[in-house]
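To be precise, the following lines are model_32.txt, and they hold compact mmCIF, C-alpha atoms.
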# COMPACT_ATOMS: atom_id res chain seq x y z
CA MET D 16 102.57 128.70 144.58
CA SER D 17 100.53 130.00 141.60
CA GLU D 18 100.70 133.59 142.91
CA ASN D 19 104.48 133.39 142.89
CA LEU D 20 104.51 131.99 139.35
CA THR D 21 102.12 134.73 138.21
CA GLN D 22 104.43 137.42 139.57
CA ARG D 23 107.42 135.81 137.86
CA TRP D 24 105.44 135.60 134.59
CA GLN D 25 104.56 139.29 134.74
CA ALA D 26 108.17 140.21 135.46
CA ALA D 27 109.86 138.04 132.82
CA MET D 28 107.42 137.38 129.95
CA MET D 29 106.37 139.78 127.17
CA ASP D 30 102.80 140.96 127.55
CA ASN D 31 101.54 139.68 124.21
CA TYR D 32 99.33 137.08 125.92
CA GLY D 33 98.39 139.17 128.94
CA THR D 34 98.66 137.31 132.24
CA PRO D 35 97.02 133.85 132.09
CA PRO D 36 94.48 133.30 134.89
CA LEU D 37 95.55 129.76 135.70
CA THR D 38 98.80 127.89 136.34
CA LEU D 39 98.71 124.30 135.13
CA VAL D 40 101.23 121.77 136.36
CA ARG D 41 100.15 118.39 134.95
CA GLY D 42 97.58 116.63 132.80
CA SER D 43 96.21 113.20 131.93
CA GLY D 44 93.85 112.57 129.02
CA ALA D 45 91.24 115.31 129.01
CA GLU D 46 92.00 116.42 132.57
CA VAL D 47 94.52 118.94 133.93
CA TRP D 48 95.49 120.07 137.42
CA ASP D 49 96.57 123.49 138.64
CA ALA D 50 99.33 124.44 141.07
CA GLU D 51 96.91 124.18 144.01
CA GLY D 52 95.86 120.64 143.08
CA ASN D 53 92.49 121.57 141.59
CA ARG D 54 91.31 119.34 138.74
CA TYR D 55 89.74 120.70 135.52
CA LEU D 56 88.08 119.03 132.54
CA ASP D 57 90.00 120.45 129.59
CA LEU D 58 87.64 121.44 126.76
CA VAL D 59 90.24 123.76 125.21
CA GLY D 60 92.86 121.10 124.48
CA GLY D 61 95.68 123.60 123.95
CA ILE D 62 93.45 125.23 121.29
CA ALA D 63 92.76 121.96 119.47
CA VAL D 64 96.38 120.80 119.75
CA ASN D 65 96.14 117.98 122.28
CA ALA D 66 94.42 115.50 119.99
CA LEU D 67 95.13 112.55 122.28
CA GLY D 68 94.93 114.57 125.47
CA HIS D 69 97.73 115.03 127.95
CA ALA D 70 100.55 112.53 128.50
CA HIS D 71 99.15 109.91 126.12
CA PRO D 72 101.35 106.78 126.38
CA ALA D 73 101.69 106.43 122.60
CA VAL D 74 103.11 109.95 122.22
CA VAL D 75 105.32 109.63 125.29
CA GLU D 76 106.74 106.33 124.04
CA ALA D 77 107.28 107.60 120.48
CA VAL D 78 109.03 110.80 121.58
CA THR D 79 111.18 109.00 124.16
CA ARG D 80 112.21 106.28 121.74
CA GLN D 81 113.05 108.76 118.97
CA LEU D 82 115.05 111.04 121.27
CA GLN D 83 117.06 108.02 122.37
CA THR D 84 117.69 107.14 118.72
CA LEU D 85 118.12 110.34 116.70
CA GLY D 86 116.79 113.72 117.77
CA HIS D 87 117.43 116.66 115.48
CA ALA D 88 119.35 116.26 112.21
CA CYS D 89 118.20 119.28 110.06
CA ASN D 90 117.22 119.11 106.41
CA PHE D 91 120.74 118.50 105.15
CA TYR D 92 120.05 114.79 105.68
CA ILE D 93 117.28 112.26 105.11
CA THR D 94 115.71 110.80 108.23
CA GLU D 95 112.96 108.21 108.15
CA PRO D 96 110.25 109.57 110.53
CA PRO D 97 109.39 112.73 108.51
CA LEU D 98 109.52 110.74 105.28
CA GLU D 99 107.15 108.14 106.70
CA LEU D 100 104.89 110.91 108.00
CA ALA D 101 104.74 112.61 104.59
CA GLU D 102 103.86 109.31 102.93
CA LYS D 103 101.17 108.62 105.55
CA LEU D 104 99.56 112.05 105.15
CA LEU D 105 99.40 111.64 101.37
CA GLU D 106 97.87 108.20 101.88
CA LEU D 107 95.19 109.64 104.16
CA ILE D 108 94.48 112.45 101.69
CA GLY D 109 94.24 109.94 98.87
CA ALA D 110 96.01 112.00 96.21
CA PRO D 111 99.61 112.36 94.99
CA GLY D 112 101.55 115.36 96.19
CA ARG D 113 104.53 116.65 98.11
CA VAL D 114 104.85 117.70 101.75
CA TYR D 115 106.83 120.49 103.42
CA PHE D 116 107.18 120.39 107.21
CA CYS D 117 107.53 123.43 109.46
CA ASN D 118 106.76 124.16 113.12
CA SER D 119 103.30 125.72 113.27
CA GLY D 120 100.11 126.63 111.45
CA THR D 121 101.19 130.17 110.66
CA GLU D 122 104.41 128.84 109.11
CA ALA D 123 102.41 126.36 107.04
CA ASN D 124 100.30 129.22 105.71
CA GLU D 125 103.41 131.32 105.06
CA ALA D 126 104.67 128.46 102.89
CA ALA D 127 101.35 128.25 101.05
CA PHE D 128 101.42 132.03 100.50
CA LYS D 129 104.87 131.78 98.91
CA MET D 130 103.77 128.79 96.80
CA ALA D 131 100.90 130.90 95.49
CA ARG D 132 103.32 133.64 94.40
CA ARG D 133 105.26 130.99 92.48
CA THR D 134 102.30 130.77 90.07
CA GLY D 135 103.36 134.16 88.70
CA ARG D 136 100.10 135.75 89.82
CA SER D 137 99.91 138.29 92.64
CA LYS D 138 96.34 138.44 93.91
CA ILE D 139 95.21 136.38 96.91
CA ILE D 140 91.64 136.04 98.16
CA ALA D 141 90.90 135.22 101.80
CA CYS D 142 87.87 135.68 104.05
CA GLU D 143 86.69 138.21 106.56
CA ASN D 144 87.01 136.93 110.15
CA ALA D 145 89.31 134.13 109.03
CA PHE D 146 92.43 133.33 111.04
CA HIS D 147 95.52 132.06 109.24
CA GLY D 148 98.22 133.14 111.71
CA ARG D 149 100.06 136.14 113.10
CA THR D 150 103.39 136.22 111.24
CA MET D 151 103.49 138.98 108.63
CA GLY D 152 102.52 136.98 105.54
CA ALA D 153 99.91 134.90 107.34
CA LEU D 154 98.63 138.02 109.09
CA ALA D 155 97.91 139.55 105.69
CA LEU D 156 95.65 136.54 105.06
CA THR D 157 93.95 136.79 108.45
CA GLY D 158 90.70 138.70 108.10
CA GLN D 159 90.46 140.19 111.58
CA GLU D 160 91.15 143.91 111.62
CA PRO D 161 92.12 144.25 115.32
CA LYS D 162 94.97 141.77 114.77
CA ARG D 163 96.09 143.44 111.52
CA ALA D 164 95.85 147.16 112.24
CA PRO D 165 98.84 147.57 114.63
CA PHE D 166 101.19 146.13 112.01
CA TYR D 167 100.39 147.95 108.77
CA PRO D 168 101.67 147.90 106.09
CA LEU D 169 101.16 144.18 105.55
CA THR D 170 102.15 142.04 102.58
CA PRO D 171 100.21 143.52 99.62
CA GLY D 172 97.87 141.76 97.22
CA VAL D 173 95.39 140.18 99.65
CA GLU D 174 91.66 140.91 99.37
CA HIS D 175 89.03 139.69 101.82
CA VAL D 176 85.48 138.60 101.01
CA PRO D 177 82.63 137.55 103.33
CA PHE D 178 82.95 133.92 104.45
CA GLY D 179 80.33 131.64 102.94
CA ASP D 180 79.27 134.14 100.24
CA VAL D 181 79.59 132.33 96.89
CA ALA D 182 78.63 135.40 94.85
CA ALA D 183 81.31 137.53 96.53
CA LEU D 184 83.93 134.85 95.94
CA ASP D 185 82.84 134.45 92.33
CA ALA D 186 83.18 138.21 91.76
CA ALA D 187 86.58 138.47 93.45
CA VAL D 188 88.46 135.65 91.71
CA ASP D 189 89.88 136.64 88.33
CA ALA D 190 92.70 135.79 85.93
CA ASP D 191 95.29 137.42 88.22
CA THR D 192 94.22 135.44 91.29
CA ALA D 193 96.98 133.15 92.49
CA ALA D 194 95.04 131.46 95.28
CA VAL D 195 91.96 131.42 97.46
CA PHE D 196 92.65 130.67 101.14
CA LEU D 197 89.73 129.18 103.08
CA GLU D 198 89.16 127.54 106.44
CA PRO D 199 86.52 124.81 105.98
CA ILE D 200 85.13 126.04 109.33
CA LEU D 201 86.16 129.40 110.81
CA GLY D 202 87.89 128.16 113.95
CA GLU D 203 89.02 131.18 115.90
CA ALA D 204 85.89 133.08 114.94
CA GLY D 205 83.97 130.53 117.03
CA ALA D 206 83.52 127.47 114.81
CA ILE D 207 81.44 129.13 112.09
CA THR D 208 80.32 126.71 109.38
CA PRO D 209 79.68 127.89 105.79
CA PRO D 210 76.45 127.18 103.88
CA ASP D 211 76.16 123.80 102.19
CA GLY D 212 77.93 123.79 98.85
CA TYR D 213 80.41 126.59 99.68
CA LEU D 214 83.59 124.54 99.41
CA GLN D 215 82.33 122.89 96.24
CA ALA D 216 81.65 126.33 94.74
CA ALA D 217 85.11 127.52 95.76
CA ARG D 218 86.62 124.48 94.07
CA ARG D 219 84.68 125.17 90.87
CA ILE D 220 85.51 128.88 90.79
CA THR D 221 89.23 128.42 91.41
CA ALA D 222 89.51 125.60 88.88
CA GLU D 223 87.73 127.64 86.21
CA ARG D 224 90.14 130.57 86.62
CA GLY D 225 93.37 128.71 87.22
CA ALA D 226 93.77 129.76 90.86
CA LEU D 227 94.94 127.49 93.67
CA LEU D 228 92.42 126.44 96.30
CA VAL D 229 94.28 126.46 99.62
CA LEU D 230 92.40 124.91 102.53
CA ASP D 231 93.68 125.88 105.96
CA GLU D 232 93.01 122.72 107.97
CA VAL D 233 95.29 123.80 110.81
CA GLN D 234 92.37 123.47 113.22
CA THR D 235 89.92 121.22 111.34
CA GLY D 236 92.41 118.56 110.25
CA ILE D 237 93.59 115.32 111.90
CA GLY D 238 90.20 114.06 113.01
CA ARG D 239 88.87 117.20 114.67
CA THR D 240 85.63 117.20 112.66
CA GLY D 241 85.18 113.42 112.54
CA SER D 242 87.12 112.74 109.34
CA TRP D 243 90.86 112.95 108.75
CA PHE D 244 90.33 116.27 106.97
CA ALA D 245 87.24 118.46 106.81
CA PHE D 246 87.45 118.79 103.01
CA GLN D 247 86.77 115.08 102.69
CA GLN D 248 83.25 115.66 104.04
CA ALA D 249 82.64 118.16 101.22
CA GLY D 250 83.82 115.76 98.52
CA VAL D 251 86.37 118.19 97.04
CA VAL D 252 90.12 117.96 96.57
CA PRO D 253 92.06 121.22 97.13
CA ASP D 254 95.42 122.13 95.59
CA VAL D 255 97.11 122.92 98.90
CA ILE D 256 96.36 121.84 102.47
CA THR D 257 97.92 123.35 105.58
CA LEU D 258 98.05 121.44 108.87
CA ALA D 259 99.41 121.88 112.40
CA LYS D 260 97.71 121.86 115.84
CA GLY D 261 96.59 118.25 116.42
CA LEU D 262 99.10 116.71 114.02
CA ALA D 263 101.69 115.76 116.63
CA GLY D 264 99.47 115.88 119.73
CA GLY D 265 101.34 118.77 121.39
CA MET D 266 104.76 118.57 119.75
CA PRO D 267 105.43 121.53 117.43
CA ILE D 268 104.92 120.67 113.78
CA GLY D 269 103.12 122.11 110.78
CA ALA D 270 102.72 120.88 107.23
CA CYS D 271 102.03 122.47 103.86
CA ILE D 272 100.92 119.85 101.36
CA GLY D 273 100.82 120.59 97.64
CA LEU D 274 98.70 118.17 95.64
CA GLY D 275 99.35 117.44 91.98
CA ALA D 276 101.12 120.29 90.17
CA ALA D 277 100.98 122.49 93.28
CA GLY D 278 103.47 120.16 94.92
CA GLU D 279 106.05 121.12 92.29
CA LEU D 280 105.93 124.91 92.84
CA PHE D 281 108.91 125.12 95.20
CA GLY D 282 112.42 124.54 93.93
CA PRO D 283 115.58 123.96 96.00
CA GLY D 284 116.40 126.89 98.27
CA GLN D 285 113.07 128.69 97.83
CA HIS D 286 111.75 127.86 101.30
CA GLY D 287 112.90 126.04 104.40
CA SER D 288 112.84 125.52 108.16
CA THR D 289 115.69 124.50 110.46
CA PHE D 290 113.51 122.62 112.95
CA GLY D 291 110.50 121.77 110.78
CA GLY D 292 109.53 118.10 110.77
CA ASN D 293 112.41 116.94 112.92
CA PRO D 294 112.41 113.19 113.69
CA VAL D 295 111.02 113.64 117.23
CA CYS D 296 107.98 115.66 116.18
CA ALA D 297 107.43 113.39 113.18
CA ALA D 298 107.52 110.32 115.43
CA ALA D 299 104.94 111.94 117.70
CA ALA D 300 102.72 112.70 114.69
CA LEU D 301 102.95 109.10 113.46
CA ALA D 302 101.89 107.94 116.93
CA VAL D 303 98.91 110.32 116.86
CA LEU D 304 97.77 109.13 113.42
CA ARG D 305 98.22 105.48 114.38
CA THR D 306 96.26 105.90 117.62
CA ILE D 307 93.40 107.77 115.98
CA ALA D 308 93.01 104.90 113.51
CA GLU D 309 93.49 102.02 115.96
CA ASP D 310 91.19 103.48 118.62
CA GLY D 311 88.40 104.42 116.20
CA LEU D 312 88.56 108.06 117.24
CA LEU D 313 87.05 109.43 114.02
CA GLU D 314 83.79 107.64 114.75
CA HIS D 315 84.03 108.57 118.43
CA VAL D 316 84.49 112.26 117.58
CA THR D 317 81.47 112.22 115.28
CA LEU D 318 79.21 110.57 117.85
CA ILE D 319 80.28 112.44 120.98
CA GLY D 320 80.45 115.76 119.17
CA LYS D 321 76.90 115.34 117.92
CA GLU D 322 75.72 114.36 121.40
CA ILE D 323 77.28 117.48 122.95
CA ALA D 324 75.86 119.78 120.29
CA THR D 325 72.34 118.34 120.39
CA SER D 326 72.32 118.26 124.20
CA ILE D 327 73.27 121.94 124.46
CA GLU D 328 70.61 122.81 121.90
CA ALA D 329 68.05 120.76 123.83
CA MET D 330 68.80 122.74 127.01
CA GLY D 331 66.84 125.63 125.50
CA HIS D 332 68.85 128.08 127.59
CA PRO D 333 67.82 131.69 126.82
CA LEU D 334 71.46 132.78 126.39
CA VAL D 335 72.20 130.24 123.63
CA ARG D 336 71.56 131.55 120.11
CA ASP D 337 72.96 128.77 117.91
CA ILE D 338 75.27 125.76 117.78
CA SER D 339 77.78 125.40 114.96
CA GLY D 340 80.85 123.41 113.94
CA ALA D 341 81.42 119.70 113.39
CA GLY D 342 82.74 116.83 115.48
CA LEU D 343 84.67 118.18 118.45
CA LEU D 344 84.98 121.69 117.01
CA ILE D 345 81.86 123.18 118.54
CA GLY D 346 80.79 126.82 118.59
CA ILE D 347 78.07 128.03 120.95
CA GLY D 348 76.60 131.34 119.83
CA LEU D 349 75.29 133.60 122.60
CA HIS D 350 72.63 136.31 122.47
CA GLU D 351 74.88 138.58 124.56
CA PRO D 352 78.66 139.30 124.40
CA VAL D 353 79.34 137.47 127.67
CA SER D 354 81.52 134.53 126.65
CA ALA D 355 84.30 135.70 128.98
CA ALA D 356 81.92 135.56 131.96
CA VAL D 357 80.77 132.07 130.93
CA ALA D 358 84.39 130.90 130.65
CA THR D 359 85.25 132.40 134.03
CA ALA D 360 82.28 130.67 135.68
CA ALA D 361 83.20 127.40 133.99
CA ARG D 362 86.78 127.64 135.22
CA ALA D 363 85.58 128.25 138.75
CA GLY D 364 83.44 125.14 138.38
CA GLY D 365 86.32 122.97 137.15
CA PHE D 366 85.90 123.20 133.36
CA LEU D 367 88.11 124.95 130.79
CA VAL D 368 86.25 126.41 127.80
CA ASN D 369 87.37 129.03 125.28
CA ASN D 370 85.69 132.43 124.95
CA ALA D 371 86.75 132.64 121.30
CA VAL D 372 84.91 135.91 120.58
CA PRO D 373 82.62 137.92 122.88
CA ASP D 374 79.43 136.20 121.72
CA ARG D 375 80.70 132.66 121.11
CA VAL D 376 82.12 129.91 123.31
CA ARG D 377 84.33 127.37 121.55
CA LEU D 378 84.82 123.75 122.64
CA VAL D 379 87.85 121.88 121.20
CA PRO D 380 88.54 119.11 123.73
CA PRO D 381 90.94 116.22 123.16
CA LEU D 382 89.53 113.64 120.76
CA VAL D 383 89.76 111.12 123.62
CA LEU D 384 87.12 112.95 125.67
CA THR D 385 85.01 110.21 127.23
CA GLU D 386 81.24 109.99 127.23
CA ALA D 387 81.23 110.31 131.04
CA GLN D 388 83.33 113.47 130.83
CA ALA D 389 81.02 114.93 128.20
CA HIS D 390 78.01 114.23 130.43
CA GLU D 391 79.82 115.82 133.37
CA PHE D 392 80.22 119.02 131.36
CA LEU D 393 76.68 118.98 129.99
CA ALA D 394 75.25 118.64 133.50
CA ALA D 395 77.18 121.68 134.71
CA PHE D 396 77.02 123.93 131.64
CA PRO D 397 73.61 125.57 132.33
CA THR D 398 75.00 126.96 135.58
CA PHE D 399 77.81 128.68 133.69
CA LEU D 400 75.37 130.06 131.13
CA ASP D 401 73.27 131.39 134.01
CA ALA D 402 76.34 133.20 135.35
CA GLY D 403 76.89 134.85 131.98
CA HIS D 404 73.20 135.69 131.59
CA ALA D 405 72.87 137.31 135.03
Turn the structure described in the file into structure tokens.
Amino acid sequence: MSENLTQRWQAAMMDNYGTPPLTLVRGSGAEVWDAEGNRYLDLVGGIAVNALGHAHPAVVEAVTRQLQTLGHACNFYITEPPLELAEKLLELIGAPGRVYFCNSGTEANEAAFKMARRTGRSKIIACENAFHGRTMGALALTGQEPKRAPFYPLTPGVEHVPFGDVAALDAAVDADTAAVFLEPILGEAGAITPPDGYLQAARRITAERGALLVLDEVQTGIGRTGSWFAFQQAGVVPDVITLAKGLAGGMPIGACIGLGAAGELFGPGQHGSTFGGNPVCAAAALAVLRTIAEDGLLEHVTLIGKEIATSIEAMGHPLVRDISGAGLLIGIGLHEPVSAAVATAARAGGFLVNNAVPDRVRLVPPLVLTEAQAHEFLAAFPTFLDAGHA
């Protein structure tokens, strides 16, 4: 069955993803099954999207109920689910602002890019190795040359500085700087955490020079690091926050949130999205936020994430160089560029992990990963490291 689907994929789909090695047909919680009936523990979670795992009853019920009530209406009309979602996000952030909904993280960053240009300044600062998306504006922000080079020229005005380097950021931000774009943790680069005090320094520098601080929480937001938003752990308040991935637990939605004066930068007609924040996706997002709160998943993520990280470190495996990240955004640094071999061995053993970059494995499982499932992975992981180390 899967061989037939693979052939059809290769014949009909563009090659931008290559040919995926696995055909999945169903999922439940943190588990998925392939076309041959093999079960896998999913530690990729749709790249941090499936916050509540697969087929969570709360999301299924919310989407079904909303589709039976009012599906798509477009932004010509007010509908209650996106309005309620915007109000809930601002409540969780704890600051006044305004919300724009779109369909993805890259669209959220495109919106933030355009908001920055509305300041009248042209210069944008982002970080080397950062990932903010692949559409043309967001790609200009992304600091990964292999992704950028085939598409030059990109949107001008973006400069990149080393992530975590306060002195470099301080030197780069000037009176013409419209915004600084930062991920609180570099997600696609393998869950790289900055030095203590980095976000606080970025807040100080941008405030001093009148630039916006834009935090890309597309991957770190919605409980991924053990708080609603990663910036809350740093004790700073940015001007703009971008969200997507886990927000609606698998339904496509993104959000660009302007706090304070930043929320007033767009006027009517200056940006928009036909599908963004439709009632169905907004209902799914409300169900995700409600479930995270009611089930105590922020505390669960903190505890189980720490247990996974400390257990891998305690293995003392010769291939493991470092452990980084927070909550259930975990990066495992390797002494050799063999993450693909580790991921292949894990898949063969019934576990899905992400070989984010050649020398780092990334774990971003559903927030509902159970303690027993975490122990199952930890017991098997040394075998996969051995396969990569051979």
- Quick one: distance from atom CA of Gly340 of chain D to atom CA of Gly61 of chain D in Å, one decimal?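 Rounded to one decimal, the two atoms are 17.9 Å apart.
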- Task: Would you kindly return, as number ranges by chain, each protein, DNA or RNA residue with an atom no farther than 7 Å from any atom of Ala297 of chain D, considering only C-alpha atoms and excluding same-chain residues fewer than 5 positions away?
- Result: D: 96-97, 100, 292
- Item | Distance query 12 Å from (96.8, 136.6, 137.7) using all atoms listed in the file, result as a list of chain:residue names | D:Met16, D:Ser17, D:Glu18, D:Asn19, D:Leu20, D:Thr21, D:Gln22, D:Arg23, D:Trp24, D:Gln25, D:Gly33, D:Thr34, D:Pro35, D:Pro36, D:Leu37, D:Thr38
Those selected residues, please, written with C-alpha atoms and delivered as a short mmCIF file (atom, residue, chain, number, x, y, z; two decimals), in the coordinates of the input.
data_model
loop_
_atom_site.label_atom_id
_atom_site.label_comp_id
_atom_site.auth_asym_id
_atom_site.auth_seq_id
_atom_site.Cartn_x
_atom_site.Cartn_y
_atom_site.Cartn_z
CA MET D 16 102.57 128.70 144.58
CA SER D 17 100.53 130.00 141.60
CA GLU D 18 100.70 133.59 142.91
CA ASN D 19 104.48 133.39 142.89
CA LEU D 20 104.51 131.99 139.35
CA THR D 21 102.12 134.73 138.21
CA GLN D 22 104.43 137.42 139.57
CA ARG D 23 107.42 135.81 137.86
CA TRP D 24 105.44 135.60 134.59
CA GLN D 25 104.56 139.29 134.74
CA GLY D 33 98.39 139.17 128.94
CA THR D 34 98.66 137.31 132.24
CA PRO D 35 97.02 133.85 132.09
CA PRO D 36 94.48 133.30 134.89
CA LEU D 37 95.55 129.76 135.70
CA THR D 38 98.80 127.89 136.34
#
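You will find atom CA of Asp401 of chain D at 8.1 Å from atom CA of Val357 of chain D.
Within 12 Å of segment 163-165 of chain D, once only C-alpha atoms are used and residues closer than 2 positions along the same chain are dropped, the contacting residues are Glu143, Asn144, Ala145, Phe146, His147, Gly148, Arg149, Thr150, Met151, Gly152, Ala153, Leu154, Ala155, Leu156, Thr157, Gly158, Gln159, Glu160, Pro161, Tyr167, Pro168, Leu169 and Thr170 of chain D.
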- Query: Out of D:Asp374, D:Glu95, D:Glu106, D:Glu386, which residue has the shortest atom-to-atom distance to Leu304 of chain D when counting all atoms listed in the file?
  - Reply: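 Looking only at the distances to Leu304 of chain D, the closest residue turns out to be D:Glu106.
The neighbours of Val176 of chain D here are the residues that come within 10 Å of it, using only C-alpha atoms and leaving out any residue fewer than 3 positions away in the same chain; they are Ile140, Ala141, Cys142, Glu143, Asn144, Ala145, Gly158, Gly179, Asp180, Val181, Ala182, Ala183, Leu184, Asp185, Ala186 and Ala187 of chain D.
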- Message: One number please: atom CA of Gly241 of chain D to atom CA of Leu382 of chain D, in Å, one decimal.
- Response: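 Atom CA of Gly241 of chain D sits 9.3 Å away from atom CA of Leu382 of chain D.
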